[in-house]
Amino acid sequence: MSKADIKSMTLTELSEAFAALGLQKYRAPQVYKWLHEGAASFDEMTNLPKDLRQGLNEKYYIAVAETELKTVSQKDGTVKYLFRLIDGEHVESVLMKYHHGYSICISTQVGCKMGCTFCATGKTGFARNLTASEMLSQINSAEADIGGRISNIVMMGMGEPLDNYDNVIRFLRLASSEEGMNIGLRHISLSTCGIVPKIYALMEENLPITLSVSLHAPNDEIRSETMPVNGTWGIDEILAACKAYSEKTKRRISFEYAMISGRNDSDACAHELAKRLRGIHAHINLIPVNDVTGTGFKKSNVERQKRFADILEKAGYTATVRRTLGSDIEASCGQLKRKFTQGGQQNDS
Ligand code: SAH
Ligand code: SF4
C-alpha cells in the first residue's frame, strides 16, 4: 500500500483521519504544527510517543525539498535554490530580501506544458505537478537555511500554477492557515500565462491574493509569436476574465510585460496596450527580457523601458520596471535547473 501525503492534508482532514485511527484529539494539531514548521521525519516529533511515530511512518510520508545547489548573488544577496524532490525530480526557488522582509518565488510544477519561447522552463517540457506539500517544503527549506521567517510568496517559479489548480488552491489554504505558516493571502501572488477558465474559477474562491497575468504583448499577433497558449485563449478573452476578476475581488491585477527589443517595445505597442487595458484596475510590471533560451531576444534598452513606462503612466496606469534581482546568478525561472541537467557547474557559494 502506498503511503499518503500527510503534509498536503488540512488540519480538518488530519483530525478526521486521526479520529478514525482512534487517536486523542490533541494529536492532529500537534502533528500539523510539526509538519508546517518543517519537520522532515516523524522521529523529529519528540512530543509523540515512539509507537505513534512508527505507526504514522507506516501510513504516511512527509514531502521534502532537499537543497541540491544553492547560489548566492554577490550583487544583492538573492539566493537561488535547486531543490530535489522525493522522486529525484528538481525544482527551483528564489529567495529575495526586501526592506519589509523575505519573499520567496516558488515552483508549482516540474517543467511546464505551455512552451513560451523566451522561457527556460518552457523549453524543458513537462514532467509532473507538484503536490501542495512540495510547495510548502520549498518555503520550509529556505526558512531553515536562513534561520528566519518568510513573509511573502510569489508563485512565479517553474510551472503554470493554474494548470495545477487543485494543488495550488490547497497550498494557498495550507500556507495561510493560522495553525500553519500563517502567511496572509494578501502577501501571496500568483502568476499565470492566462488559463481563462481557471481565472474565473479562482475568482469564485474569494481569496484575496494578487493575480499577475503574463501578457507580454498588446495584441494577439505579437503574443502568439512567443506564447503558444494564446492560440487557445486570446487577449480579449484574458482581459474580459481579468476585468471580471478585478470587479468581483476589488483587487488590482498586475500585468507582466517582458520587454523584447524590436518586438513588443515600440511606442505604438505602449499606446495599444494602454487602450486594451482601459477599464481594468491594472498595474504594469515591465521586465527587461532575459535571453535564456538562445532565441536571440534582446532586452529593450533603459531609455526604451522608461519611454514605455512613461506612455502607460500618461494614460493613467502605474507602471514599474522590475528590479532584476540576482542577475549574476541566473535567477530567472528554469535557468539553474537547465544548467544542472545539462551538466554545467554552479558555485556553491
Ligand atoms: N507560468 C506562470 C508563472 C511562472 S513564469 C506565468 O507564465 O506567468 C514567471 C514569469 O516569468 C512570467 O511572467 C514569465 O512570462 C516570465 N518569464 C519567463 N521567462 C522569462 C525571461 N526569459 N525573461 C523575462 N521574463 C520571463
Ligand atoms: Fe510556463 Fe510561465 Fe514559462 Fe510560459 S513563462 S513556459 S507559462 S513557466
# chains A, B, ... in the order shown; residues from 1 in each chain; ligands from 1
>>> residues_near_ligand(ligand="ligand 2", cutoff="8 Å", atoms="only C-alpha atoms and all ligand atoms", output="PyMOL selection string")
chain A and resi 111-123+156-160+191-193+214+227+333-334
>>> write_last_selection(atoms="N, CA, C and O atoms", output="short mmCIF file (atom, residue, chain, number, x, y, z; two decimals), in the first residue's frame")
data_model
loop_
_atom_site.label_atom_id
_atom_site.label_comp_id
_atom_site.auth_asym_id
_atom_site.auth_seq_id
_atom_site.Cartn_x
_atom_site.Cartn_y
_atom_site.Cartn_z
N GLY A 111 8.75 21.50 -14.62
CA GLY A 111 8.59 21.84 -16.04
C GLY A 111 7.28 22.58 -16.26
O GLY A 111 6.66 23.08 -15.31
N CYS A 112 6.88 22.68 -17.51
CA CYS A 112 5.65 23.40 -17.86
C CYS A 112 5.23 22.97 -19.25
O CYS A 112 6.05 22.70 -20.12
N LYS A 113 3.90 22.90 -19.47
CA LYS A 113 3.39 22.46 -20.78
C LYS A 113 3.24 23.61 -21.77
O LYS A 113 2.93 23.39 -22.92
N MET A 114 3.40 24.85 -21.30
CA MET A 114 2.93 25.99 -22.10
C MET A 114 3.87 26.43 -23.21
O MET A 114 3.46 27.11 -24.14
N GLY A 115 5.15 26.09 -23.07
CA GLY A 115 6.10 26.29 -24.17
C GLY A 115 6.36 27.72 -24.63
O GLY A 115 6.66 27.93 -25.81
N CYS A 116 6.29 28.70 -23.73
CA CYS A 116 6.64 30.08 -24.13
C CYS A 116 8.09 30.08 -24.60
O CYS A 116 8.96 29.52 -23.94
N THR A 117 8.34 30.74 -25.73
CA THR A 117 9.66 30.56 -26.36
C THR A 117 10.79 31.28 -25.64
O THR A 117 11.95 30.94 -25.81
N PHE A 118 10.45 32.28 -24.80
CA PHE A 118 11.50 33.02 -24.09
C PHE A 118 11.86 32.37 -22.76
O PHE A 118 12.76 32.82 -22.07
N CYS A 119 11.16 31.30 -22.38
CA CYS A 119 11.23 30.79 -21.01
C CYS A 119 12.05 29.49 -20.92
O CYS A 119 11.80 28.55 -21.66
N ALA A 120 12.99 29.47 -19.98
CA ALA A 120 13.85 28.30 -19.80
C ALA A 120 13.04 27.08 -19.35
O ALA A 120 13.31 25.95 -19.77
N THR A 121 12.02 27.30 -18.52
CA THR A 121 11.19 26.18 -18.06
C THR A 121 10.38 25.62 -19.22
O THR A 121 10.27 24.40 -19.38
N GLY A 122 9.82 26.52 -20.02
CA GLY A 122 9.00 26.11 -21.16
C GLY A 122 9.79 25.22 -22.11
O GLY A 122 9.25 24.32 -22.76
N LYS A 123 11.07 25.46 -22.17
CA LYS A 123 11.97 24.74 -23.07
C LYS A 123 12.19 23.29 -22.61
O LYS A 123 12.53 22.43 -23.42
N MET A 156 5.76 32.18 -9.04
CA MET A 156 6.30 32.65 -10.31
C MET A 156 7.54 31.86 -10.69
O MET A 156 8.33 32.31 -11.50
N GLY A 157 7.72 30.72 -10.04
CA GLY A 157 8.88 29.90 -10.38
C GLY A 157 8.55 29.01 -11.56
O GLY A 157 7.84 29.42 -12.49
N MET A 158 9.01 27.76 -11.51
CA MET A 158 8.76 26.87 -12.64
C MET A 158 7.31 26.41 -12.64
O MET A 158 6.75 26.09 -11.60
N GLY A 159 6.72 26.38 -13.82
CA GLY A 159 5.37 25.83 -13.95
C GLY A 159 4.28 26.87 -14.06
O GLY A 159 4.48 28.06 -13.78
N GLU A 160 3.11 26.40 -14.49
CA GLU A 160 1.94 27.26 -14.64
C GLU A 160 0.97 26.90 -13.50
O GLU A 160 0.34 25.84 -13.52
N SER A 191 1.04 34.00 -10.51
CA SER A 191 1.22 34.47 -11.88
C SER A 191 0.77 33.42 -12.88
O SER A 191 1.10 32.25 -12.76
N THR A 192 0.00 33.85 -13.87
CA THR A 192 -0.50 32.91 -14.88
C THR A 192 -0.26 33.43 -16.29
O THR A 192 -0.25 34.64 -16.53
N CYS A 193 -0.11 32.49 -17.22
CA CYS A 193 0.05 32.87 -18.63
C CYS A 193 -1.32 33.11 -19.26
O CYS A 193 -1.41 33.43 -20.43
N SER A 214 0.68 37.23 -17.21
CA SER A 214 1.82 37.43 -18.11
C SER A 214 1.28 37.76 -19.49
O SER A 214 0.91 36.87 -20.25
N MET A 227 4.01 32.97 -27.28
CA MET A 227 3.21 32.23 -26.29
C MET A 227 2.16 31.37 -26.99
O MET A 227 1.06 31.85 -27.32
N CYS A 333 13.29 32.00 -13.89
CA CYS A 333 12.76 30.65 -13.73
C CYS A 333 13.35 29.65 -14.72
O CYS A 333 13.47 29.91 -15.90
N GLY A 334 13.75 28.51 -14.18
CA GLY A 334 14.20 27.41 -15.03
C GLY A 334 15.66 27.43 -15.43
O GLY A 334 16.17 26.47 -15.99
#
>>> residues_around(residues="region 164-179 of chain A", least_positions_apart="2", cutoff="7 Å", atoms="only C-alpha atoms", output="PyMOL selection string")
chain A and resi 10+33+129+131-132+135-136+161-162+181-185
>>> residues_around(residues="Arg186 (chain A)", least_positions_apart="3", cutoff="7 Å", atoms="only C-alpha atoms", output="list of chain:residue names")
A:Pro208, A:Ile209, A:Thr210
>>> residues_around(residues="His100 (chain A)", least_positions_apart="5", cutoff="12 Å", atoms="only C-alpha atoms", output="PDB file with N, CA, C and O atoms, in the first residue's frame")
ATOM      1  N   ARG A 149      11.936  33.747   9.226  1.00  0.00           N
ATOM      2  CA  ARG A 149      10.628  33.583   8.605  1.00  0.00           C
ATOM      3  C   ARG A 149      10.542  34.310   7.269  1.00  0.00           C
ATOM      4  O   ARG A 149      11.131  35.360   7.083  1.00  0.00           O
ATOM      5  N   ILE A 150       9.766  33.722   6.371  1.00  0.00           N
ATOM      6  CA  ILE A 150       9.497  34.343   5.072  1.00  0.00           C
ATOM      7  C   ILE A 150       8.090  34.936   5.144  1.00  0.00           C
ATOM      8  O   ILE A 150       7.161  34.279   5.619  1.00  0.00           O
ATOM      9  N   SER A 151       7.931  36.190   4.684  1.00  0.00           N
ATOM     10  CA  SER A 151       6.626  36.822   4.858  1.00  0.00           C
ATOM     11  C   SER A 151       5.816  36.924   3.566  1.00  0.00           C
ATOM     12  O   SER A 151       4.613  37.157   3.611  1.00  0.00           O
ATOM     13  N   ASN A 152       6.474  36.776   2.415  1.00  0.00           N
ATOM     14  CA  ASN A 152       5.766  36.924   1.137  1.00  0.00           C
ATOM     15  C   ASN A 152       6.064  35.762   0.200  1.00  0.00           C
ATOM     16  O   ASN A 152       7.194  35.298   0.151  1.00  0.00           O
ATOM     17  N   HIS A 187      -0.369  38.573   1.118  1.00  0.00           N
ATOM     18  CA  HIS A 187       1.088  38.547   0.923  1.00  0.00           C
ATOM     19  C   HIS A 187       1.497  37.475  -0.088  1.00  0.00           C
ATOM     20  O   HIS A 187       2.647  37.080  -0.148  1.00  0.00           O
TER      21      HIS A 187
END
>>> residues_around(residues="Ala40 (chain A)", least_positions_apart="5", cutoff="8 Å", atoms="only C-alpha atoms", output="count of residues only")
4
>>> closest_residue(among="A:Ile188, A:Ile260, A:Ala127, A:Met45", to="ligand 1", atoms="only C-alpha atoms and all ligand atoms")
A:Ile260
>>> atom_distance(atom1="CA of His281 (chain A)", atom2="CA of Arg307 (chain A)")
21.5 Å
>>> atom_distance(atom1="atom 3 (C, counted along the ligand's line) of ligand 1", atom2="CA of Ser189 (chain A)")
10.2 Å
>>> residues_around(residues="region 231-247 of chain A", least_positions_apart="3", cutoff="6 Å", atoms="only C-alpha atoms", output="PyMOL selection string")
chain A and resi 196+203+228+250-252+280
>>> residues_around(residues="region 79-84 of chain A", least_positions_apart="4", cutoff="6 Å", atoms="only C-alpha atoms", output="PDB file with all heavy atoms, in the first residue's frame")
ATOM      1  N   ALA A  65      11.922  19.038   0.262  1.00  0.00           N
ATOM      2  CA  ALA A  65      12.618  19.722  -0.841  1.00  0.00           C
ATOM      3  C   ALA A  65      14.055  19.876  -0.351  1.00  0.00           C
ATOM      4  O   ALA A  65      14.343  20.741   0.474  1.00  0.00           O
ATOM      5  CB  ALA A  65      11.984  21.079  -1.122  1.00  0.00           C
ATOM      6  N   GLU A  66      14.916  18.979  -0.794  1.00  0.00           N
ATOM      7  CA  GLU A  66      16.290  18.995  -0.290  1.00  0.00           C
ATOM      8  C   GLU A  66      17.186  19.822  -1.195  1.00  0.00           C
ATOM      9  O   GLU A  66      17.096  19.721  -2.419  1.00  0.00           O
ATOM     10  CB  GLU A  66      16.818  17.568  -0.188  1.00  0.00           C
ATOM     11  CG  GLU A  66      16.110  16.812   0.925  1.00  0.00           C
ATOM     12  CD  GLU A  66      16.685  15.429   1.137  1.00  0.00           C
ATOM     13  OE1 GLU A  66      17.764  15.341   1.734  1.00  0.00           O
ATOM     14  OE2 GLU A  66      16.049  14.470   0.685  1.00  0.00           O
ATOM     15  N   THR A  67      18.064  20.609  -0.569  1.00  0.00           N
ATOM     16  CA  THR A  67      18.897  21.517  -1.368  1.00  0.00           C
ATOM     17  C   THR A  67      19.968  20.744  -2.133  1.00  0.00           C
ATOM     18  O   THR A  67      20.830  20.122  -1.544  1.00  0.00           O
ATOM     19  CB  THR A  67      19.557  22.573  -0.455  1.00  0.00           C
ATOM     20  OG1 THR A  67      18.521  23.192   0.306  1.00  0.00           O
ATOM     21  CG2 THR A  67      20.287  23.621  -1.272  1.00  0.00           C
ATOM     22  N   GLU A  68      19.877  20.814  -3.447  1.00  0.00           N
ATOM     23  CA  GLU A  68      20.880  20.179  -4.313  1.00  0.00           C
ATOM     24  C   GLU A  68      21.976  21.198  -4.629  1.00  0.00           C
ATOM     25  O   GLU A  68      23.160  20.871  -4.601  1.00  0.00           O
ATOM     26  CB  GLU A  68      20.198  19.727  -5.613  1.00  0.00           C
ATOM     27  CG  GLU A  68      21.089  19.029  -6.601  1.00  0.00           C
ATOM     28  CD  GLU A  68      21.165  17.530  -6.330  1.00  0.00           C
ATOM     29  OE1 GLU A  68      20.128  16.843  -6.461  1.00  0.00           O
ATOM     30  OE2 GLU A  68      22.254  17.072  -5.983  1.00  0.00           O
ATOM     31  N   LEU A  69      21.565  22.419  -4.917  1.00  0.00           N
ATOM     32  CA  LEU A  69      22.507  23.504  -5.208  1.00  0.00           C
ATOM     33  C   LEU A  69      21.968  24.779  -4.587  1.00  0.00           C
ATOM     34  O   LEU A  69      20.759  24.972  -4.518  1.00  0.00           O
ATOM     35  CB  LEU A  69      22.605  23.750  -6.713  1.00  0.00           C
ATOM     36  CG  LEU A  69      23.361  22.786  -7.613  1.00  0.00           C
ATOM     37  CD1 LEU A  69      23.173  23.199  -9.060  1.00  0.00           C
ATOM     38  CD2 LEU A  69      24.843  22.767  -7.266  1.00  0.00           C
ATOM     39  N   LYS A  70      22.894  25.635  -4.170  1.00  0.00           N
ATOM     40  CA  LYS A  70      22.485  26.939  -3.648  1.00  0.00           C
ATOM     41  C   LYS A  70      23.451  27.968  -4.208  1.00  0.00           C
ATOM     42  O   LYS A  70      24.662  27.751  -4.161  1.00  0.00           O
ATOM     43  CB  LYS A  70      22.556  26.903  -2.118  1.00  0.00           C
ATOM     44  CG  LYS A  70      22.270  28.225  -1.462  1.00  0.00           C
ATOM     45  CD  LYS A  70      22.497  28.139   0.038  1.00  0.00           C
ATOM     46  CE  LYS A  70      22.604  29.539   0.610  1.00  0.00           C
ATOM     47  NZ  LYS A  70      23.005  29.516   2.032  1.00  0.00           N
ATOM     48  N   THR A  71      22.925  29.037  -4.749  1.00  0.00           N
ATOM     49  CA  THR A  71      23.784  30.074  -5.314  1.00  0.00           C
ATOM     50  C   THR A  71      23.366  31.408  -4.733  1.00  0.00           C
ATOM     51  O   THR A  71      22.170  31.715  -4.681  1.00  0.00           O
ATOM     52  CB  THR A  71      23.618  30.142  -6.853  1.00  0.00           C
ATOM     53  OG1 THR A  71      23.400  28.837  -7.342  1.00  0.00           O
ATOM     54  CG2 THR A  71      24.849  30.708  -7.506  1.00  0.00           C
ATOM     55  N   VAL A  72      24.342  32.191  -4.274  1.00  0.00           N
ATOM     56  CA  VAL A  72      24.028  33.487  -3.670  1.00  0.00           C
ATOM     57  C   VAL A  72      24.558  34.594  -4.564  1.00  0.00           C
ATOM     58  O   VAL A  72      25.713  34.549  -4.987  1.00  0.00           O
ATOM     59  CB  VAL A  72      24.674  33.610  -2.266  1.00  0.00           C
ATOM     60  CG1 VAL A  72      24.278  34.930  -1.615  1.00  0.00           C
ATOM     61  CG2 VAL A  72      24.271  32.439  -1.386  1.00  0.00           C
ATOM     62  N   GLY A  88      13.335  12.388  -6.939  1.00  0.00           N
ATOM     63  CA  GLY A  88      14.553  12.744  -7.664  1.00  0.00           C
ATOM     64  C   GLY A  88      14.373  13.857  -8.683  1.00  0.00           C
ATOM     65  O   GLY A  88      15.342  14.304  -9.292  1.00  0.00           O
ATOM     66  N   GLU A  89      13.136  14.349  -8.870  1.00  0.00           N
ATOM     67  CA  GLU A  89      12.921  15.492  -9.769  1.00  0.00           C
ATOM     68  C   GLU A  89      13.461  16.755  -9.088  1.00  0.00           C
ATOM     69  O   GLU A  89      13.626  16.798  -7.864  1.00  0.00           O
ATOM     70  CB  GLU A  89      11.423  15.681 -10.072  1.00  0.00           C
ATOM     71  CG  GLU A  89      10.795  14.572 -10.899  1.00  0.00           C
ATOM     72  CD  GLU A  89      11.170  14.638 -12.382  1.00  0.00           C
ATOM     73  OE1 GLU A  89      11.957  15.524 -12.770  1.00  0.00           O
ATOM     74  OE2 GLU A  89      10.668  13.785 -13.137  1.00  0.00           O
ATOM     75  N   HIS A  90      13.710  17.784  -9.881  1.00  0.00           N
ATOM     76  CA  HIS A  90      14.248  19.036  -9.331  1.00  0.00           C
ATOM     77  C   HIS A  90      13.366  20.239  -9.666  1.00  0.00           C
ATOM     78  O   HIS A  90      12.807  20.302 -10.755  1.00  0.00           O
ATOM     79  CB  HIS A  90      15.639  19.315  -9.913  1.00  0.00           C
ATOM     80  CG  HIS A  90      16.678  18.356  -9.437  1.00  0.00           C
ATOM     81  ND1 HIS A  90      16.948  17.178 -10.080  1.00  0.00           N
ATOM     82  CD2 HIS A  90      17.500  18.402  -8.360  1.00  0.00           C
ATOM     83  CE1 HIS A  90      17.901  16.540  -9.423  1.00  0.00           C
ATOM     84  NE2 HIS A  90      18.253  17.252  -8.383  1.00  0.00           N
ATOM     85  N   VAL A  91      13.288  21.172  -8.730  1.00  0.00           N
ATOM     86  CA  VAL A  91      12.638  22.463  -8.993  1.00  0.00           C
ATOM     87  C   VAL A  91      13.474  23.575  -8.365  1.00  0.00           C
ATOM     88  O   VAL A  91      14.316  23.312  -7.505  1.00  0.00           O
ATOM     89  CB  VAL A  91      11.196  22.566  -8.420  1.00  0.00           C
ATOM     90  CG1 VAL A  91      10.235  21.689  -9.185  1.00  0.00           C
ATOM     91  CG2 VAL A  91      11.165  22.288  -6.932  1.00  0.00           C
ATOM     92  N   GLU A  92      13.185  24.799  -8.785  1.00  0.00           N
ATOM     93  CA  GLU A  92      13.927  25.949  -8.270  1.00  0.00           C
ATOM     94  C   GLU A  92      13.043  26.873  -7.439  1.00  0.00           C
ATOM     95  O   GLU A  92      11.850  26.991  -7.690  1.00  0.00           O
ATOM     96  CB  GLU A  92      14.442  26.791  -9.440  1.00  0.00           C
ATOM     97  CG  GLU A  92      15.401  26.065 -10.322  1.00  0.00           C
ATOM     98  CD  GLU A  92      15.773  26.903 -11.534  1.00  0.00           C
ATOM     99  OE1 GLU A  92      15.373  28.087 -11.608  1.00  0.00           O
ATOM    100  OE2 GLU A  92      16.446  26.362 -12.399  1.00  0.00           O
ATOM    101  N   SER A  93      13.707  27.550  -6.510  1.00  0.00           N
ATOM    102  CA  SER A  93      13.059  28.651  -5.774  1.00  0.00           C
ATOM    103  C   SER A  93      14.069  29.780  -5.684  1.00  0.00           C
ATOM    104  O   SER A  93      15.268  29.534  -5.669  1.00  0.00           O
ATOM    105  CB  SER A  93      12.701  28.236  -4.348  1.00  0.00           C
ATOM    106  OG  SER A  93      11.943  27.071  -4.323  1.00  0.00           O
ATOM    107  N   VAL A  94      13.555  30.998  -5.600  1.00  0.00           N
ATOM    108  CA  VAL A  94      14.440  32.159  -5.456  1.00  0.00           C
ATOM    109  C   VAL A  94      13.988  32.961  -4.242  1.00  0.00           C
ATOM    110  O   VAL A  94      12.808  33.281  -4.099  1.00  0.00           O
ATOM    111  CB  VAL A  94      14.413  33.041  -6.724  1.00  0.00           C
ATOM    112  CG1 VAL A  94      15.298  34.270  -6.549  1.00  0.00           C
ATOM    113  CG2 VAL A  94      14.859  32.247  -7.949  1.00  0.00           C
ATOM    114  N   LEU A  95      14.955  33.255  -3.362  1.00  0.00           N
ATOM    115  CA  LEU A  95      14.663  33.996  -2.139  1.00  0.00           C
ATOM    116  C   LEU A  95      15.227  35.406  -2.251  1.00  0.00           C
ATOM    117  O   LEU A  95      16.401  35.581  -2.565  1.00  0.00           O
ATOM    118  CB  LEU A  95      15.311  33.272  -0.957  1.00  0.00           C
ATOM    119  CG  LEU A  95      15.046  33.874   0.405  1.00  0.00           C
ATOM    120  CD1 LEU A  95      13.646  33.508   0.882  1.00  0.00           C
ATOM    121  CD2 LEU A  95      16.070  33.371   1.411  1.00  0.00           C
TER     122      LEU A  95
END
>>> closest_residue(among="A:Thr108, A:Ser2, A:Ser133, A:Gln24", to="His36 (chain A)", atoms="only C-alpha atoms")
A:Ser133
>>> closest_residue(among="A:Lys25, A:His216, A:Lys3, A:Lys75", to="ligand 1", atoms="only C-alpha atoms and all ligand atoms")
A:His216
>>> closest_residue(among="A:Gly294, A:Gly180, A:Pro197, A:Gly316", to="ligand 1", atoms="only C-alpha atoms and all ligand atoms")
A:Gly294
>>> closest_residue(among="A:Asp265, A:Glu204, A:Asp163, A:Glu37", to="ligand 1", atoms="only C-alpha atoms and all ligand atoms")
A:Asp163
>>> select_by_dssp(residues="region 69-315 of chain A", states="strand (DSSP E)", output="PyMOL selection string")
chain A and resi 69-72+79-84+90-98+101-105+109-111+126-129+150-155+188-192+210-214+253-259+282-288
